[in-house]
Amino acid sequence: MKNYLLLIFLFISTMAVGQAPLNDEPGASVPVTVVPKGSPAVVVNGTTEFATASATPPQPATPSTCGCTSSVPSAARDVWYVINTGTYTDIEITVNSGTYFGAPGYLRIYQNITASGVPVQCWCSNSSSAAVGTVTASGLMMNTNYYLAVAPRVSTSGFWGPFTVNVFGCPNFPTPIDGLLDFNVEAAAEQQNDIKWNVTNEIDVKEFRVQRKVIDRNEFVTIETIPYDSEKSNYLLSDNSFETGGLNYYRLLLITNNNERNYSNVESIFNGQADTKITCYPNPAEDNLTISRNDISSNAFVEIFDVTGKQLFSEDLLKGNTKIKIDCNTWPIGLFWIKYTERNNSTPVSLTWLKK
């Protein structure tokens, strides 16, 4: 009888301890892909079963600031995910699960996961048996890594379970400017970005200042000032002095006749890696895409994938050929990855391309 009771005790002890998820700490965060809203979601499965509480970074001193009203854990048993915001400042996060006590109803976002880090934003569900659901994080920095801590609203051992998480990027809609009809940028050639905008004849503006910012800089810099012309409605500026090596951001600063300042939406262009072997243009594009390379001394292979990993295009680029032109008119709107691999077993090169 004693042996039987001992076996039961050992079995219960083993079930109580369990094995923590691999992403139990922020250093082992699981990546979640941010996809444009309207595209198919990239869903990641997770579980808080046997998760432990993370001491670094700390949780909010007062969880009520996250909307937690009752049954708030003093040490949330969290699991971690990481995203990159890309071209978005607003993202929509969905944490879904079945209904069970200890559902993942506590969500925190960090940019800094050191001991001095504090949540950028956080949320709580209305019930200990309900997941967070869908929330929107606004005002984030573009092309920045953020860490998501998902936890139950209770901390009692044993009350955990599975869930799913996915993230959409929301279009950045600026406050409309009277008279500015649209503003967009495209990579028209390998070393040329075309900045275009349209206005009405009634727009109250003295001059347009075209501004550019590199991904790793904090400030926009004016690259050209263009006086307003009442006889023109369409404007075009070609920029061939930008830095390659990643994302470039553009915007319009409009100076009114009363010297008021208004800004257009921000448009981004991916102009390739600093040491890349290939470029793609236009980027973004609607109907046709050109992939060009500098070194034509070897055979290579080009592949294009959507955000779900589905291959939409593959073709050999033979020795001596400099480029491939692709008809992408029927492809869905969204973000794509271009993978270029030389046949001599060199390391593949990847670029990001946007279909609009």
# chains A, B, ... in the order shown; residues from 1 in each chain; ligands from 1
>>> closest_atom_pairs(of="stretch 131-238 of chain A", to="stretch 100-119 of chain A", cutoff="6 Å", atoms="only C-alpha atoms", output="CSV")
residue,atom,partner,partner_atom,distance
A:Ala131,CA,A:Gly105,CA,4.2
A:Val132,CA,A:Gly105,CA,4.4
A:Tyr146,CA,A:Gln111,CA,4.7
A:Tyr147,CA,A:Tyr110,CA,5.0
A:Leu148,CA,A:Ile109,CA,4.8
A:Ala149,CA,A:Arg108,CA,5.1
A:Val150,CA,A:Leu107,CA,4.9
A:Ala151,CA,A:Pro104,CA,4.9
A:Pro152,CA,A:Pro104,CA,4.1
A:Arg153,CA,A:Gly105,CA,5.5
A:Val154,CA,A:Gly102,CA,5.6
A:Phe159,CA,A:Gly102,CA,5.0
A:Trp160,CA,A:Gly102,CA,5.4
>>> select_by_dssp(residues="stretch 85-301 of chain A", states="strand (DSSP E)", output="JSON, numbers by chain")
{"A": [90, 91, 92, 93, 94, 95, 96, 106, 107, 108, 109, 110, 121, 122, 123, 124, 133, 134, 135, 136, 137, 145, 146, 147, 148, 149, 150, 151, 162, 163, 164, 165, 166, 167, 168, 169, 170, 180, 181, 182, 183, 184, 185, 186, 187, 188, 189, 192, 193, 194, 195, 196, 197, 198, 199, 207, 208, 209, 210, 211, 212, 213, 214, 221, 222, 223, 224, 225, 226, 227, 234, 235, 236, 237, 238, 239, 247, 248, 249, 250, 251, 252, 253, 254, 255, 261, 262, 263, 267, 268, 269, 270, 278, 279, 280, 281, 288, 289, 290, 291, 292, 293, 300, 301]}
>>> residues_around(residues="A:Ala285", least_positions_apart="3", cutoff="12 Å", atoms="only C-alpha atoms", output="list in words")
Asn184, Val185, Glu186, Ala187, Ala188, Ala189, Ile269, Phe270, Cys280, Tyr281, Pro282, Asn288, Leu289, Thr290, Ile326, Asp327, Cys328, Asn329, Trp331, Pro332, Ile333, Gly334, Leu335, Phe336, Trp353, Leu354, Lys355 and Lys356 of chain A
>>> write_last_selection(atoms="N, CA and C atoms", output="compact mmCIF listing (two decimals), in the first residue's frame")
# COMPACT_ATOMS: atom_id res chain seq x y z
N ASN A 184 3.30 59.02 -53.06
CA ASN A 184 3.86 57.67 -53.08
C ASN A 184 5.28 57.68 -53.63
N VAL A 185 5.98 56.59 -53.37
CA VAL A 185 7.38 56.45 -53.78
C VAL A 185 7.54 55.06 -54.37
N GLU A 186 8.35 54.96 -55.43
CA GLU A 186 8.67 53.65 -55.98
C GLU A 186 10.11 53.63 -56.46
N ALA A 187 10.72 52.45 -56.42
CA ALA A 187 12.07 52.27 -56.94
C ALA A 187 11.96 52.09 -58.44
N ALA A 188 12.24 53.15 -59.19
CA ALA A 188 12.04 53.13 -60.64
C ALA A 188 13.20 52.47 -61.36
N ALA A 189 14.39 52.47 -60.77
CA ALA A 189 15.58 51.85 -61.34
C ALA A 189 16.47 51.40 -60.20
N ILE A 269 10.82 52.55 -48.85
CA ILE A 269 11.36 51.82 -50.00
C ILE A 269 12.51 50.95 -49.50
N PHE A 270 12.49 49.68 -49.87
CA PHE A 270 13.60 48.79 -49.53
C PHE A 270 14.58 48.80 -50.70
N CYS A 280 15.94 44.79 -56.86
CA CYS A 280 14.64 44.58 -57.48
C CYS A 280 13.93 45.93 -57.63
N TYR A 281 13.22 46.10 -58.71
CA TYR A 281 12.52 47.35 -58.97
C TYR A 281 11.44 47.10 -60.02
N PRO A 282 10.36 47.92 -60.03
CA PRO A 282 10.00 48.92 -59.02
C PRO A 282 9.68 48.24 -57.68
N ASN A 288 4.61 44.58 -62.88
CA ASN A 288 5.84 43.94 -63.33
C ASN A 288 6.96 44.18 -62.33
N LEU A 289 7.81 43.18 -62.20
CA LEU A 289 8.96 43.23 -61.29
C LEU A 289 10.21 42.83 -62.05
N THR A 290 11.30 43.58 -61.85
CA THR A 290 12.59 43.24 -62.45
C THR A 290 13.59 42.93 -61.35
N ILE A 326 9.43 39.82 -64.48
CA ILE A 326 8.36 38.93 -64.02
C ILE A 326 7.03 39.66 -64.09
N ASP A 327 6.03 39.01 -64.63
CA ASP A 327 4.66 39.53 -64.65
C ASP A 327 3.99 39.11 -63.34
N CYS A 328 3.71 40.08 -62.48
CA CYS A 328 3.12 39.78 -61.17
C CYS A 328 1.72 40.36 -61.04
N ASN A 329 1.07 40.64 -62.14
CA ASN A 329 -0.22 41.31 -62.15
C ASN A 329 -1.28 40.55 -61.36
N TRP A 331 -0.77 38.48 -58.82
CA TRP A 331 -0.38 38.15 -57.46
C TRP A 331 -1.17 38.99 -56.46
N PRO A 332 -1.40 38.50 -55.27
CA PRO A 332 -2.13 39.28 -54.28
C PRO A 332 -1.29 40.44 -53.75
N ILE A 333 -1.95 41.45 -53.24
CA ILE A 333 -1.26 42.58 -52.62
C ILE A 333 -0.63 42.10 -51.31
N GLY A 334 0.61 42.50 -51.07
CA GLY A 334 1.25 42.12 -49.82
C GLY A 334 2.77 42.12 -49.94
N LEU A 335 3.40 41.55 -48.90
CA LEU A 335 4.85 41.51 -48.79
C LEU A 335 5.37 40.17 -49.29
N PHE A 336 6.50 40.20 -50.01
CA PHE A 336 7.10 38.99 -50.56
C PHE A 336 8.61 38.98 -50.29
N TRP A 353 10.14 42.61 -50.99
CA TRP A 353 9.47 43.31 -52.09
C TRP A 353 7.99 43.43 -51.78
N LEU A 354 7.41 44.59 -52.11
CA LEU A 354 6.01 44.86 -51.81
C LEU A 354 5.19 44.97 -53.07
N LYS A 355 4.11 44.18 -53.15
CA LYS A 355 3.14 44.25 -54.26
C LYS A 355 1.98 45.13 -53.81
N LYS A 356 1.67 46.15 -54.61
CA LYS A 356 0.58 47.05 -54.21
C LYS A 356 -0.57 46.99 -55.21
>>> atom_distance(atom1="atom CA of A:Ser64", atom2="atom CA of A:Asn45")
27.8 Å
>>> closest_residue(among="A:Cys170, A:Leu252, A:Val221, A:Val32", to="A:Asn198", atoms="only C-alpha atoms")
A:Leu252
>>> closest_residue(among="A:Asn193, A:Val302, A:Asp90, A:Gln311", to="A:Lys339", atoms="only C-alpha atoms")
A:Val302
>>> closest_atom_pairs(of="stretch 219-281 of chain A", to="stretch 201-207 of chain A", cutoff="9 Å", atoms="only C-alpha atoms", output="CSV")
residue,atom,partner,partner_atom,distance
A:Thr225,CA,A:Glu207,CA,6.9
A:Ile226,CA,A:Glu207,CA,5.7
A:Pro227,CA,A:Glu207,CA,4.2
A:Tyr228,CA,A:Glu207,CA,4.9
A:Asp229,CA,A:Glu207,CA,8.7
A:Ser230,CA,A:Asn201,CA,6.1
A:Glu231,CA,A:Asn201,CA,7.6
A:Lys232,CA,A:Asn201,CA,7.7
A:Ser233,CA,A:Asn201,CA,6.7
A:Leu253,CA,A:Glu207,CA,8.5
A:Leu254,CA,A:Glu207,CA,6.2
A:Ile255,CA,A:Glu207,CA,5.5
A:Thr256,CA,A:Val205,CA,3.9
A:Asn257,CA,A:Lys206,CA,5.1
A:Asn258,CA,A:Lys206,CA,8.5
A:Asn259,CA,A:Lys206,CA,8.0
A:Glu260,CA,A:Val205,CA,8.9
>>> write_last_selection(atoms="C-alpha atoms", output="PDB file, in the first residue's frame")
ATOM      1  CA  THR A 225      12.471  72.165 -51.939  1.00  0.00           C
ATOM      2  CA  ILE A 226       9.965  72.622 -54.764  1.00  0.00           C
ATOM      3  CA  PRO A 227       7.868  75.817 -55.059  1.00  0.00           C
ATOM      4  CA  TYR A 228       4.145  75.418 -55.595  1.00  0.00           C
ATOM      5  CA  ASP A 229       3.050  75.985 -59.202  1.00  0.00           C
ATOM      6  CA  SER A 230      -0.637  76.838 -59.630  1.00  0.00           C
ATOM      7  CA  GLU A 231      -0.469  75.490 -63.184  1.00  0.00           C
ATOM      8  CA  LYS A 232       0.628  72.035 -62.070  1.00  0.00           C
ATOM      9  CA  SER A 233      -1.272  69.238 -60.373  1.00  0.00           C
ATOM     10  CA  LEU A 253       6.592  68.716 -45.626  1.00  0.00           C
ATOM     11  CA  LEU A 254       4.049  71.234 -46.913  1.00  0.00           C
ATOM     12  CA  ILE A 255       4.583  74.892 -45.979  1.00  0.00           C
ATOM     13  CA  THR A 256       1.391  76.920 -46.300  1.00  0.00           C
ATOM     14  CA  ASN A 257       1.123  80.592 -47.237  1.00  0.00           C
ATOM     15  CA  ASN A 258       0.724  81.318 -43.511  1.00  0.00           C
ATOM     16  CA  ASN A 259       3.917  79.325 -42.799  1.00  0.00           C
ATOM     17  CA  GLU A 260       2.014  76.459 -41.213  1.00  0.00           C
TER      18      GLU A 260
END
>>> select_by_dssp(residues="stretch 5-236 of chain A", states="helix (DSSP H, G or I)", output="compact mmCIF listing (two decimals) with C-alpha atoms, in the first residue's frame")
# COMPACT_ATOMS: atom_id res chain seq x y z
CA LEU A 5 0.84 5.63 -2.53
CA LEU A 6 4.46 6.49 -3.31
CA LEU A 7 3.88 5.84 -7.02
CA ILE A 8 0.80 8.08 -6.99
CA PHE A 9 2.76 10.82 -5.22
CA LEU A 10 5.61 10.58 -7.74
CA PHE A 11 3.16 10.69 -10.65
CA ILE A 12 1.41 13.79 -9.28
CA SER A 13 4.75 15.45 -8.54
CA THR A 14 5.93 14.82 -12.09
CA MET A 15 2.71 16.27 -13.52
CA ALA A 16 3.00 19.33 -11.26
CA VAL A 17 6.58 20.10 -12.28
CA PRO A 26 12.46 36.56 -23.45
CA GLY A 27 15.86 35.43 -24.72
CA ALA A 28 14.18 32.45 -26.40
CA PRO A 63 -1.25 45.77 -13.35
CA SER A 64 -4.41 47.87 -13.15
CA THR A 65 -2.73 50.19 -15.65
CA CYS A 66 -3.09 47.32 -18.13
>>> atom_distance(atom1="atom CA of A:Gly98", atom2="atom CA of A:Ala20")
20.3 Å
>>> residues_around(residues="A:Thr322", least_positions_apart="5", cutoff="12 Å", atoms="only C-alpha atoms", output="PyMOL selection string")
chain A and resi 277-280+290-300+316-317
>>> atom_distance(atom1="atom CA of A:Tyr88", atom2="atom CA of A:Ala76")
28.6 Å
